[in-house]
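Pasting input20.cif here (mmCIF, C-alpha atoms and all ligand atoms):
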data_structure
#
loop_
_atom_site.group_PDB
_atom_site.id
_atom_site.type_symbol
_atom_site.label_atom_id
_atom_site.label_comp_id
_atom_site.auth_asym_id
_atom_site.auth_seq_id
_atom_site.Cartn_x
_atom_site.Cartn_y
_atom_site.Cartn_z
ATOM 1 C CA MET U 1 16.596 14.016 -4.618
ATOM 2 C CA THR U 2 18.780 11.715 -6.701
ATOM 3 C CA VAL U 3 21.689 10.085 -4.944
ATOM 4 C CA PRO U 4 24.107 8.209 -7.222
ATOM 5 C CA ALA U 5 24.062 4.516 -6.380
ATOM 6 C CA PRO U 6 27.320 2.886 -5.347
ATOM 7 C CA SER U 7 28.475 0.474 -8.042
ATOM 8 C CA ALA U 8 27.858 -2.578 -5.804
ATOM 9 C CA ALA U 9 24.089 -1.986 -5.839
ATOM 10 C CA PRO U 10 22.038 -3.953 -8.378
ATOM 11 C CA ALA U 11 20.706 -2.138 -11.456
ATOM 12 C CA ARG U 12 17.112 -1.133 -10.831
ATOM 13 C CA VAL U 13 14.613 -1.011 -13.679
ATOM 14 C CA ALA U 14 11.576 1.284 -13.731
ATOM 15 C CA THR U 15 8.261 -0.045 -15.055
ATOM 16 C CA PRO U 16 5.574 2.665 -14.891
ATOM 17 C CA LEU U 17 2.454 1.609 -12.999
ATOM 18 C CA SER U 18 -1.231 2.061 -13.520
ATOM 19 C CA VAL U 19 -2.945 3.244 -10.323
ATOM 20 C CA LEU U 20 -6.358 4.163 -8.940
ATOM 21 C CA MET U 21 -6.665 7.071 -6.501
ATOM 22 C CA CYS U 22 -9.424 9.034 -4.768
ATOM 23 C CA ARG U 23 -9.237 12.786 -4.043
ATOM 24 C CA PRO U 24 -9.509 13.576 -0.296
ATOM 25 C CA THR U 25 -12.406 15.968 -0.930
ATOM 26 C CA TYR U 26 -14.200 14.798 2.222
ATOM 27 C CA PHE U 27 -11.119 13.857 4.259
ATOM 28 C CA THR U 28 -11.282 14.422 7.993
ATOM 29 C CA VAL U 29 -10.819 12.370 11.149
ATOM 30 C CA ALA U 30 -14.404 11.716 12.252
ATOM 31 C CA TYR U 31 -13.812 8.425 14.115
ATOM 32 C CA ALA U 32 -10.838 6.461 15.452
ATOM 33 C CA ILE U 33 -10.214 2.981 14.034
ATOM 34 C CA ASN U 34 -6.431 3.027 14.379
ATOM 35 C CA PRO U 35 -4.118 4.635 16.983
ATOM 36 C CA TRP U 36 -3.051 7.464 14.643
ATOM 37 C CA MET U 37 -6.585 8.862 14.481
ATOM 38 C CA ASP U 38 -7.723 11.433 17.037
ATOM 39 C CA PRO U 39 -11.109 12.974 16.195
ATOM 40 C CA SER U 40 -10.579 15.760 18.766
ATOM 41 C CA ARG U 41 -7.666 17.139 16.738
ATOM 42 C CA PRO U 42 -8.670 19.450 13.884
ATOM 43 C CA THR U 43 -7.784 18.431 10.320
ATOM 44 C CA ASP U 44 -7.018 20.642 7.336
ATOM 45 C CA THR U 45 -8.841 19.206 4.323
ATOM 46 C CA ALA U 46 -7.408 21.830 1.939
ATOM 47 C CA LEU U 47 -3.876 20.859 2.971
ATOM 48 C CA ALA U 48 -4.701 17.161 2.578
ATOM 49 C CA ILE U 49 -5.939 17.869 -0.955
ATOM 50 C CA ALA U 50 -2.839 19.910 -1.855
ATOM 51 C CA GLN U 51 -0.513 17.181 -0.572
ATOM 52 C CA TRP U 52 -2.475 14.488 -2.377
ATOM 53 C CA GLU U 53 -2.338 16.525 -5.614
ATOM 54 C CA ASP U 54 1.414 16.625 -5.210
ATOM 55 C CA LEU U 55 1.407 12.815 -5.037
ATOM 56 C CA VAL U 56 -0.661 12.617 -8.234
ATOM 57 C CA ALA U 57 1.762 15.016 -9.989
ATOM 58 C CA THR U 58 4.700 12.904 -8.793
ATOM 59 C CA TYR U 59 3.151 9.756 -10.277
ATOM 60 C CA ARG U 60 2.435 11.518 -13.564
ATOM 61 C CA SER U 61 6.039 12.760 -13.724
ATOM 62 C CA LEU U 62 7.134 9.111 -13.419
ATOM 63 C CA GLY U 63 4.911 8.191 -16.371
ATOM 64 C CA PHE U 64 2.275 6.366 -14.294
ATOM 65 C CA GLY U 65 -1.297 6.115 -15.495
ATOM 66 C CA VAL U 66 -3.519 7.661 -12.795
ATOM 67 C CA GLU U 67 -7.228 6.815 -12.730
ATOM 68 C CA LEU U 68 -9.598 8.546 -10.340
ATOM 69 C CA LEU U 69 -12.414 7.178 -8.215
ATOM 70 C CA GLU U 70 -15.191 9.668 -7.384
ATOM 71 C CA PRO U 71 -15.038 10.598 -3.656
ATOM 72 C CA LEU U 72 -18.276 10.227 -1.707
ATOM 73 C CA PRO U 73 -19.470 12.461 1.140
ATOM 74 C CA GLY U 74 -19.559 10.744 4.530
ATOM 75 C CA LEU U 75 -16.639 8.456 3.654
ATOM 76 C CA PRO U 76 -13.627 10.436 4.944
ATOM 77 C CA ASP U 77 -11.206 7.486 4.584
ATOM 78 C CA MET U 78 -11.977 6.919 0.917
ATOM 79 C CA VAL U 79 -8.711 8.684 0.022
ATOM 80 C CA PHE U 80 -7.015 5.459 1.191
ATOM 81 C CA ALA U 81 -7.805 3.769 -2.113
ATOM 82 C CA ALA U 82 -5.404 0.852 -1.551
ATOM 83 C CA ASN U 83 -7.990 -0.641 0.793
ATOM 84 C CA GLY U 84 -10.635 -1.008 -1.912
ATOM 85 C CA GLY U 85 -9.410 -4.320 -3.331
ATOM 86 C CA LEU U 86 -6.565 -6.277 -4.859
ATOM 87 C CA VAL U 87 -6.113 -6.347 -8.628
ATOM 88 C CA VAL U 88 -3.791 -8.942 -10.155
ATOM 89 C CA ALA U 89 -3.707 -9.907 -13.843
ATOM 90 C CA GLY U 90 -6.976 -8.128 -14.588
ATOM 91 C CA ARG U 91 -8.912 -9.827 -11.801
ATOM 92 C CA ALA U 92 -10.209 -7.722 -8.893
ATOM 93 C CA TYR U 93 -10.854 -9.272 -5.472
ATOM 94 C CA THR U 94 -13.068 -6.830 -3.582
ATOM 95 C CA ALA U 95 -12.689 -5.497 -0.045
ATOM 96 C CA SER U 96 -14.949 -6.265 2.887
ATOM 97 C CA PHE U 97 -13.995 -3.740 5.538
ATOM 98 C CA ALA U 98 -13.394 -4.698 9.157
ATOM 99 C CA HIS U 99 -14.984 -1.499 10.486
ATOM 100 C CA GLU U 100 -18.567 -0.429 9.894
ATOM 101 C CA GLU U 101 -17.487 3.164 9.100
ATOM 102 C CA ARG U 102 -15.671 2.154 5.930
ATOM 103 C CA ARG U 103 -17.958 -0.629 4.681
ATOM 104 C CA PRO U 104 -19.714 1.373 1.926
ATOM 105 C CA GLU U 105 -16.383 2.106 0.221
ATOM 106 C CA ALA U 106 -16.187 -1.454 -1.105
ATOM 107 C CA ALA U 107 -19.169 -1.067 -3.455
ATOM 108 C CA ALA U 108 -17.745 2.103 -5.003
ATOM 109 C CA HIS U 109 -14.528 0.276 -5.786
ATOM 110 C CA ALA U 110 -16.339 -2.786 -7.098
ATOM 111 C CA ALA U 111 -18.362 -0.592 -9.475
ATOM 112 C CA TRP U 112 -15.172 1.043 -10.725
ATOM 113 C CA PHE U 113 -13.493 -2.330 -11.289
ATOM 114 C CA ALA U 114 -16.459 -3.583 -13.298
ATOM 115 C CA ALA U 115 -16.651 -0.397 -15.383
ATOM 116 C CA ALA U 116 -12.920 -0.700 -16.099
ATOM 117 C CA GLY U 117 -13.512 -4.133 -17.599
ATOM 118 C CA LEU U 118 -11.848 -6.073 -14.798
ATOM 119 C CA GLU U 119 -13.173 -9.434 -13.699
ATOM 120 C CA VAL U 120 -14.696 -8.794 -10.261
ATOM 121 C CA VAL U 121 -14.680 -11.452 -7.535
ATOM 122 C CA GLU U 122 -16.750 -10.411 -4.505
ATOM 123 C CA ALA U 123 -15.084 -11.161 -1.171
ATOM 124 C CA THR U 124 -17.031 -13.101 1.412
ATOM 125 C CA GLU U 125 -14.226 -12.787 3.977
ATOM 126 C CA VAL U 126 -13.140 -9.640 5.829
ATOM 127 C CA ASN U 127 -10.202 -7.925 4.117
ATOM 128 C CA GLU U 128 -9.024 -4.435 3.199
ATOM 129 C CA GLY U 129 -7.416 -5.058 -0.182
ATOM 130 C CA GLU U 130 -3.857 -3.907 -0.658
ATOM 131 C CA GLY U 131 -3.703 -2.683 2.925
ATOM 132 C CA ASP U 132 -2.816 -6.269 3.859
ATOM 133 C CA PHE U 133 -2.119 -7.920 0.493
ATOM 134 C CA LEU U 134 1.166 -7.174 -1.243
ATOM 135 C CA ALA U 135 1.882 -8.790 -4.609
ATOM 136 C CA ILE U 136 5.565 -9.613 -5.085
ATOM 137 C CA GLY U 137 7.190 -12.052 -7.495
ATOM 138 C CA ASP U 138 4.786 -14.964 -7.887
ATOM 139 C CA ALA U 139 3.504 -14.610 -4.334
ATOM 140 C CA ILE U 140 1.141 -12.455 -2.309
ATOM 141 C CA LEU U 141 2.295 -11.436 1.167
ATOM 142 C CA ALA U 142 -0.859 -11.463 3.275
ATOM 143 C CA GLY U 143 -1.100 -9.679 6.608
ATOM 144 C CA THR U 144 -3.461 -10.582 9.423
ATOM 145 C CA GLY U 145 -3.937 -9.670 13.056
ATOM 146 C CA PHE U 146 -5.997 -6.501 12.821
ATOM 147 C CA ARG U 147 -7.964 -6.091 9.592
ATOM 148 C CA ALA U 148 -7.744 -9.045 7.192
ATOM 149 C CA SER U 149 -9.139 -12.361 8.493
ATOM 150 C CA ARG U 150 -7.328 -15.672 8.092
ATOM 151 C CA GLY U 151 -10.303 -16.749 6.010
ATOM 152 C CA SER U 152 -9.487 -14.031 3.496
ATOM 153 C CA HIS U 153 -6.085 -15.627 2.945
ATOM 154 C CA GLU U 154 -7.786 -18.880 1.983
ATOM 155 C CA GLU U 155 -10.139 -16.981 -0.285
ATOM 156 C CA LEU U 156 -7.180 -15.190 -1.876
ATOM 157 C CA ALA U 157 -5.535 -18.515 -2.641
ATOM 158 C CA ARG U 158 -8.704 -19.643 -4.443
ATOM 159 C CA VAL U 159 -9.085 -16.393 -6.413
ATOM 160 C CA PHE U 160 -5.469 -15.966 -7.517
ATOM 161 C CA ASP U 161 -3.160 -18.685 -8.721
ATOM 162 C CA ARG U 162 -0.374 -17.502 -6.436
ATOM 163 C CA GLU U 163 1.456 -18.586 -3.336
ATOM 164 C CA ILE U 164 -0.011 -16.846 -0.267
ATOM 165 C CA VAL U 165 2.448 -15.990 2.498
ATOM 166 C CA PRO U 166 0.607 -15.296 5.770
ATOM 167 C CA LEU U 167 2.249 -12.771 8.097
ATOM 168 C CA THR U 168 0.886 -11.865 11.514
ATOM 169 C CA LEU U 169 1.102 -8.240 12.598
ATOM 170 C CA VAL U 170 1.476 -7.611 16.320
ATOM 171 C CA ARG U 171 1.535 -3.829 16.737
ATOM 172 C CA GLU U 172 -1.637 -1.774 16.650
ATOM 173 C CA ASP U 173 0.153 1.226 15.134
ATOM 174 C CA TYR U 174 1.196 -0.995 12.175
ATOM 175 C CA TYR U 175 -2.256 -2.463 11.674
ATOM 176 C CA HIS U 176 -2.007 -2.959 7.903
ATOM 177 C CA LEU U 177 0.815 -4.896 6.237
ATOM 178 C CA ASP U 178 1.557 -1.964 3.917
ATOM 179 C CA THR U 179 2.559 0.179 6.900
ATOM 180 C CA ALA U 180 5.265 -2.345 7.857
ATOM 181 C CA ILE U 181 6.523 -3.733 4.517
ATOM 182 C CA ALA U 182 7.587 -1.818 1.413
ATOM 183 C CA VAL U 183 7.693 -3.783 -1.834
ATOM 184 C CA LEU U 184 10.621 -2.193 -3.644
ATOM 185 C CA ASP U 185 11.077 -4.631 -6.526
ATOM 186 C CA ALA U 186 8.195 -6.979 -7.382
ATOM 187 C CA ARG U 187 9.740 -8.674 -10.435
ATOM 188 C CA PRO U 188 9.988 -12.460 -10.087
ATOM 189 C CA GLY U 189 13.615 -13.351 -9.455
ATOM 190 C CA SER U 190 14.695 -9.911 -8.263
ATOM 191 C CA GLU U 191 12.301 -9.340 -5.358
ATOM 192 C CA GLN U 192 13.342 -6.800 -2.779
ATOM 193 C CA ILE U 193 11.502 -5.403 0.256
ATOM 194 C CA ALA U 194 12.083 -3.146 3.248
ATOM 195 C CA TYR U 195 10.310 -3.808 6.546
ATOM 196 C CA LEU U 196 9.970 -2.995 10.211
ATOM 197 C CA PRO U 197 10.984 -6.108 12.201
ATOM 198 C CA SER U 198 9.084 -5.162 15.387
ATOM 199 C CA ALA U 199 5.746 -5.192 13.555
ATOM 200 C CA PHE U 200 5.799 -9.009 13.136
ATOM 201 C CA ASP U 201 5.489 -12.079 15.314
ATOM 202 C CA GLY U 202 8.386 -14.552 15.486
ATOM 203 C CA ALA U 203 7.122 -16.812 12.709
ATOM 204 C CA GLY U 204 6.511 -13.868 10.362
ATOM 205 C CA LEU U 205 9.914 -12.417 11.021
ATOM 206 C CA ALA U 206 11.606 -15.767 10.382
ATOM 207 C CA GLU U 207 9.694 -16.135 7.105
ATOM 208 C CA LEU U 208 10.695 -12.649 5.939
ATOM 209 C CA ARG U 209 14.357 -13.268 6.818
ATOM 210 C CA ARG U 210 14.311 -16.596 4.989
ATOM 211 C CA ARG U 211 12.686 -15.247 1.837
ATOM 212 C CA TYR U 212 14.418 -11.900 1.623
ATOM 213 C CA PRO U 213 17.868 -12.179 3.235
ATOM 214 C CA GLN U 214 18.970 -8.958 1.490
ATOM 215 C CA ALA U 215 15.973 -6.947 2.700
ATOM 216 C CA ILE U 216 16.344 -3.454 4.129
ATOM 217 C CA GLU U 217 15.388 -3.137 7.799
ATOM 218 C CA ALA U 218 13.854 0.266 8.460
ATOM 219 C CA SER U 219 14.264 2.224 11.692
ATOM 220 C CA GLU U 220 11.394 2.867 14.113
ATOM 221 C CA GLU U 221 11.667 6.619 13.404
ATOM 222 C CA ASP U 222 11.283 6.231 9.655
ATOM 223 C CA ALA U 223 8.475 3.676 9.943
ATOM 224 C CA ALA U 224 6.591 6.121 12.174
ATOM 225 C CA LEU U 225 6.617 8.599 9.276
ATOM 226 C CA PHE U 226 4.992 5.854 7.130
ATOM 227 C CA ALA U 227 8.210 5.660 5.132
ATOM 228 C CA LEU U 228 7.521 1.963 4.432
ATOM 229 C CA ASN U 229 4.139 2.834 2.973
ATOM 230 C CA VAL U 230 5.625 3.195 -0.510
ATOM 231 C CA VAL U 231 4.811 2.866 -4.158
ATOM 232 C CA SER U 232 7.765 1.656 -6.230
ATOM 233 C CA ASP U 233 8.100 1.222 -9.980
ATOM 234 C CA GLY U 234 11.151 -0.948 -9.389
ATOM 235 C CA ARG U 235 13.546 1.994 -9.410
ATOM 236 C CA HIS U 236 11.791 5.105 -8.098
ATOM 237 C CA VAL U 237 10.436 4.630 -4.595
ATOM 238 C CA VAL U 238 7.772 7.186 -3.723
ATOM 239 C CA THR U 239 7.974 7.524 0.042
ATOM 240 C CA ALA U 240 7.503 9.887 2.978
ATOM 241 C CA ALA U 241 9.468 13.115 3.194
ATOM 242 C CA GLY U 242 11.743 13.391 6.213
ATOM 243 C CA ALA U 243 12.720 9.727 6.433
ATOM 244 C CA THR U 244 16.355 10.534 5.703
ATOM 245 C CA ARG U 245 17.901 7.324 6.972
ATOM 246 C CA PHE U 246 15.485 5.240 4.896
ATOM 247 C CA HIS U 247 16.206 7.358 1.831
ATOM 248 C CA ALA U 248 19.933 6.679 2.282
ATOM 249 C CA GLN U 249 19.252 2.926 2.699
ATOM 250 C CA LEU U 250 17.261 2.960 -0.560
ATOM 251 C CA ALA U 251 19.965 4.851 -2.437
ATOM 252 C CA ALA U 252 22.655 2.450 -1.202
ATOM 253 C CA ASP U 253 20.573 -0.391 -2.669
ATOM 254 C CA GLY U 254 20.299 1.252 -6.098
ATOM 255 C CA PHE U 255 16.834 2.805 -5.711
ATOM 256 C CA VAL U 256 15.906 6.441 -6.239
ATOM 257 C CA PRO U 257 13.882 7.787 -3.295
ATOM 258 C CA VAL U 258 11.209 10.295 -4.311
ATOM 259 C CA SER U 259 9.842 12.270 -1.348
ATOM 260 C CA VAL U 260 6.242 13.332 -0.939
ATOM 261 C CA ASP U 261 4.902 15.110 2.158
ATOM 262 C CA LEU U 262 1.543 13.614 3.177
ATOM 263 C CA SER U 263 1.685 14.836 6.801
ATOM 264 C CA GLU U 264 -2.011 15.717 6.872
ATOM 265 C CA LEU U 265 -3.121 12.255 5.775
ATOM 266 C CA ARG U 266 -0.949 10.768 8.512
ATOM 267 C CA ALA U 267 -3.658 11.996 10.889
ATOM 268 C CA GLY U 268 -5.866 9.353 9.290
ATOM 269 C CA GLY U 269 -3.200 6.698 9.733
ATOM 270 C CA GLY U 270 -2.040 6.516 6.140
ATOM 271 C CA GLY U 271 0.696 7.446 3.678
ATOM 272 C CA VAL U 272 1.704 7.137 0.020
ATOM 273 C CA LYS U 273 0.770 3.499 -0.546
ATOM 274 C CA CYS U 274 -2.535 3.780 1.324
ATOM 275 C CA CYS U 275 -3.620 6.405 -1.228
ATOM 276 C CA THR U 276 -2.763 4.161 -4.169
ATOM 277 C CA LEU U 277 -4.368 1.009 -5.557
ATOM 278 C CA GLU U 278 -2.304 -0.710 -8.194
ATOM 279 C CA VAL U 279 -4.266 -1.847 -11.247
ATOM 280 C CA ARG U 280 -2.355 -4.838 -12.604
ATOM 281 C CA LEU U 281 -3.558 -5.906 -16.038
ATOM 282 C CA PRO U 282 -2.831 -9.284 -17.623
ATOM 283 C CA ARG U 283 0.685 -9.196 -19.083
ATOM 284 C CA ALA U 284 -0.481 -9.161 -22.732
ATOM 285 C CA ALA U 285 -2.959 -6.302 -22.131
ATOM 286 C CA ALA U 286 -0.330 -4.287 -20.271
ATOM 287 C CA GLU U 287 2.052 -4.647 -23.218
ATOM 288 C CA ALA U 288 -0.640 -3.545 -25.684
ATOM 289 C CA VAL U 289 -1.225 -0.339 -23.648
ATOM 290 C CA ALA U 290 2.518 0.432 -23.391
HETATM 291 N N1 LIG T 301 -8.044 5.541 8.521
HETATM 292 C C1 LIG T 301 -7.819 4.415 7.653
HETATM 293 C C2 LIG T 301 -8.120 3.131 8.395
HETATM 294 O O1 LIG T 301 -7.769 3.038 9.556
HETATM 295 C C3 LIG T 301 -6.409 4.424 7.136
HETATM 296 C C4 LIG T 301 -6.144 3.359 6.115
HETATM 297 C C5 LIG T 301 -4.725 3.302 5.690
HETATM 298 N N2 LIG T 301 -4.577 2.487 4.560
HETATM 299 C C6 LIG T 301 -3.591 1.593 4.359
HETATM 300 N N3 LIG T 301 -3.535 1.003 3.215
HETATM 301 N N4 LIG T 301 -2.739 1.292 5.282
HETATM 302 O O2 LIG T 301 -8.706 2.226 7.867
#

Could you render the structure as structure tokens?
Ligand code: ARG
Amino acid sequence: MTVPAPSAAPARVATPLSVLMCRPTYFTVAYAINPWMDPSRPTDTALAIAQWEDLVATYRSLGFGVELLEPLPGLPDMVFAANGGLVVAGRAYTASFAHEERRPEAAAHAAWFAAAGLEVVEATEVNEGEGDFLAIGDAILAGTGFRASRGSHEELARVFDREIVPLTLVREDYYHLDTAIAVLDARPGSEQIAYLPSAFDGAGLAELRRRYPQAIEASEEDAALFALNVVSDGRHVVTAAGATRFHAQLAADGFVPVSVDLSELRAGGGGVKCCTLEVRLPRAAAEAVA
């Protein structure tokens, strides 16, 4: 769906991304580590795969480079590849999962990072990669409260030469920062986000309002569809189908909403962004590839 942007909206520029994903071959809900998961409800793995393949096709149609991580049996949440680390300027900070059930995923990601020629820094602090760490401008927004420890924020600051902005999440249903904040434009100087105000404590909310006075505030209904769990190339915002009000907010701000239906993966507590780890190369290397 392409809605023409009103002339007041800023011009938005697309920069195709390079991403790492993992096919939901073994996806199911076998345990509950967030309030969306209910192991007594049956899941449809074939549907999850079909919806995920649609997401891959959407990325390819936008010119993204899509790399694939081999899924492993017994790790049903591995489809949520964003949790496997944080990659900035060719350096990969690994995950150290909060819950036992997901712990083995970190090694699979670390092996992929190393094989891809990235510099790997092993985490000693509990964190779930891009679930709680969002790179924007020259900063990293860093969530805490449920999964990433405060210690991981300090570690992040040592690993990456970037300002770390701690944000405390207060709602169990928005347990990862990427369920409550959408990075729409990450370019330094033209940063834009959308977020769900009720997911943050007072200090976090004040910080977001101070930094991003033009930010889009999403509705509870749209956030509950994981509409904020987006991947944006700066112009096209890949987001949940059905979040019509959010799509209109994006269009009014010059973005092009691109809908993908990941309803089956919602049963695991994830959406578009959760399935997608961004592989950010050093600027010079990225230009050589382009
Ligand atoms: N079932 C997974 C968990 O609770 C979902 C992870 C969603 N990922 C994300 N980046 N928000 O860990």

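Of the listed residues U:Phe64, U:Tyr174, U:Phe200, U:Phe97, the one whose atoms come nearest to Glu278 (chain U) is U:Phe64, with distances taken using all atoms listed in the file.
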
| query | Hey, which residues come within 8 Å of ligand LIG 301 (chain T) if we count only C-alpha atoms and all ligand atoms? Could you give them as a PyMOL selection string? | reply | chain U and resi 29+32-34+37+77+80-83+99+102+128-132+175-179+229+268-271+273-275

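The space between CA of Ala206 (chain U) and CA of Glu172 (chain U) spans 20.3 Å.
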
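Among the candidates U:Ala142, U:Leu69, U:Ala157, U:Leu169, the one nearest to Ala115 (chain U) when counting only C-alpha atoms is U:Leu69.
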
| field | Residue among U:Arg266, U:Arg280, U:Arg150, U:Arg158 lying closest to Gly85 (chain U), counting only C-alpha atoms | value | U:Arg280

| field | Long-range neighbours of Ala267 (chain U) as a PyMOL selection string, 9 Å cut-off, all atoms listed in the file, 5 positions minimum in chain | value | chain U and resi 28-29+36-38+41+43

| Hey, can you check how far CA of Asp233 (chain U) sits from CA of Arg147 (chain U)? | 26.4 Å

Once the PyMOL selection byres (((chain U and resi 62) around 12) and not hetatm) is applied to the coordinates I shared, what remains selected? I want it as a JSON list (two decimals) with C-alpha atoms, in the coordinates of the input.
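Result file out.json:
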[["chain", "number", "residue", "atom", "x", "y", "z"],
["U", 14, "ALA", "CA", 11.58, 1.28, -13.73],
["U", 15, "THR", "CA", 8.26, -0.04, -15.06],
["U", 16, "PRO", "CA", 5.57, 2.66, -14.89],
["U", 17, "LEU", "CA", 2.45, 1.61, -13.00],
["U", 18, "SER", "CA", -1.23, 2.06, -13.52],
["U", 55, "LEU", "CA", 1.41, 12.82, -5.04],
["U", 56, "VAL", "CA", -0.66, 12.62, -8.23],
["U", 57, "ALA", "CA", 1.76, 15.02, -9.99],
["U", 58, "THR", "CA", 4.70, 12.90, -8.79],
["U", 59, "TYR", "CA", 3.15, 9.76, -10.28],
["U", 60, "ARG", "CA", 2.44, 11.52, -13.56],
["U", 61, "SER", "CA", 6.04, 12.76, -13.72],
["U", 63, "GLY", "CA", 4.91, 8.19, -16.37],
["U", 64, "PHE", "CA", 2.28, 6.37, -14.29],
["U", 65, "GLY", "CA", -1.30, 6.12, -15.50],
["U", 66, "VAL", "CA", -3.52, 7.66, -12.80],
["U", 231, "VAL", "CA", 4.81, 2.87, -4.16],
["U", 232, "SER", "CA", 7.76, 1.66, -6.23],
["U", 233, "ASP", "CA", 8.10, 1.22, -9.98],
["U", 234, "GLY", "CA", 11.15, -0.95, -9.39],
["U", 235, "ARG", "CA", 13.55, 1.99, -9.41],
["U", 236, "HIS", "CA", 11.79, 5.11, -8.10],
["U", 237, "VAL", "CA", 10.44, 4.63, -4.60],
["U", 238, "VAL", "CA", 7.77, 7.19, -3.72],
["U", 256, "VAL", "CA", 15.91, 6.44, -6.24],
["U", 258, "VAL", "CA", 11.21, 10.30, -4.31]]

| task | Take CA of Glu221 (chain U) and CA of Ala194 (chain U) and report the distance between them in Å, one decimal. | result | 14.1 Å

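Distances to Arg162 (chain U) were evaluated for U:Asp138, U:Asp201, U:Glu119, U:Asp185 using all atoms listed in the file, and the minimum falls at U:Asp138.
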
Neighbour residues at most 10 Å from (7.6, 6.4, 2.4) (all atoms listed in the file) as a PDB file with C-alpha atoms, keeping the file's coordinate frame:
ATOM      1  CA  THR U 179       2.559   0.179   6.900  1.00  0.00           C
ATOM      2  CA  ALA U 182       7.587  -1.818   1.413  1.00  0.00           C
ATOM      3  CA  ASP U 222      11.283   6.231   9.655  1.00  0.00           C
ATOM      4  CA  ALA U 223       8.475   3.676   9.943  1.00  0.00           C
ATOM      5  CA  ALA U 224       6.591   6.121  12.174  1.00  0.00           C
ATOM      6  CA  LEU U 225       6.617   8.599   9.276  1.00  0.00           C
ATOM      7  CA  PHE U 226       4.992   5.854   7.130  1.00  0.00           C
ATOM      8  CA  ALA U 227       8.210   5.660   5.132  1.00  0.00           C
ATOM      9  CA  LEU U 228       7.521   1.963   4.432  1.00  0.00           C
ATOM     10  CA  ASN U 229       4.139   2.834   2.973  1.00  0.00           C
ATOM     11  CA  VAL U 230       5.625   3.195  -0.510  1.00  0.00           C
ATOM     12  CA  VAL U 231       4.811   2.866  -4.158  1.00  0.00           C
ATOM     13  CA  SER U 232       7.765   1.656  -6.230  1.00  0.00           C
ATOM     14  CA  VAL U 237      10.436   4.630  -4.595  1.00  0.00           C
ATOM     15  CA  VAL U 238       7.772   7.186  -3.723  1.00  0.00           C
ATOM     16  CA  THR U 239       7.974   7.524   0.042  1.00  0.00           C
ATOM     17  CA  ALA U 240       7.503   9.887   2.978  1.00  0.00           C
ATOM     18  CA  ALA U 241       9.468  13.115   3.194  1.00  0.00           C
ATOM     19  CA  GLY U 242      11.743  13.391   6.213  1.00  0.00           C
ATOM     20  CA  ALA U 243      12.720   9.727   6.433  1.00  0.00           C
ATOM     21  CA  PHE U 246      15.485   5.240   4.896  1.00  0.00           C
ATOM     22  CA  HIS U 247      16.206   7.358   1.831  1.00  0.00           C
ATOM     23  CA  PRO U 257      13.882   7.787  -3.295  1.00  0.00           C
ATOM     24  CA  VAL U 258      11.209  10.295  -4.311  1.00  0.00           C
ATOM     25  CA  SER U 259       9.842  12.270  -1.348  1.00  0.00           C
ATOM     26  CA  VAL U 260       6.242  13.332  -0.939  1.00  0.00           C
ATOM     27  CA  ASP U 261       4.902  15.110   2.158  1.00  0.00           C
ATOM     28  CA  LEU U 262       1.543  13.614   3.177  1.00  0.00           C
ATOM     29  CA  GLY U 271       0.696   7.446   3.678  1.00  0.00           C
ATOM     30  CA  VAL U 272       1.704   7.137   0.020  1.00  0.00           C
ATOM     31  CA  LYS U 273       0.770   3.499  -0.546  1.00  0.00           C
TER      32      LYS U 273
END

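Minimum atom-to-atom distances from U:Ala199, U:Ala48, U:Ala11, U:Val126 to Glu264 (chain U) were compared using only C-alpha atoms, and the lowest value belongs to U:Ala48.
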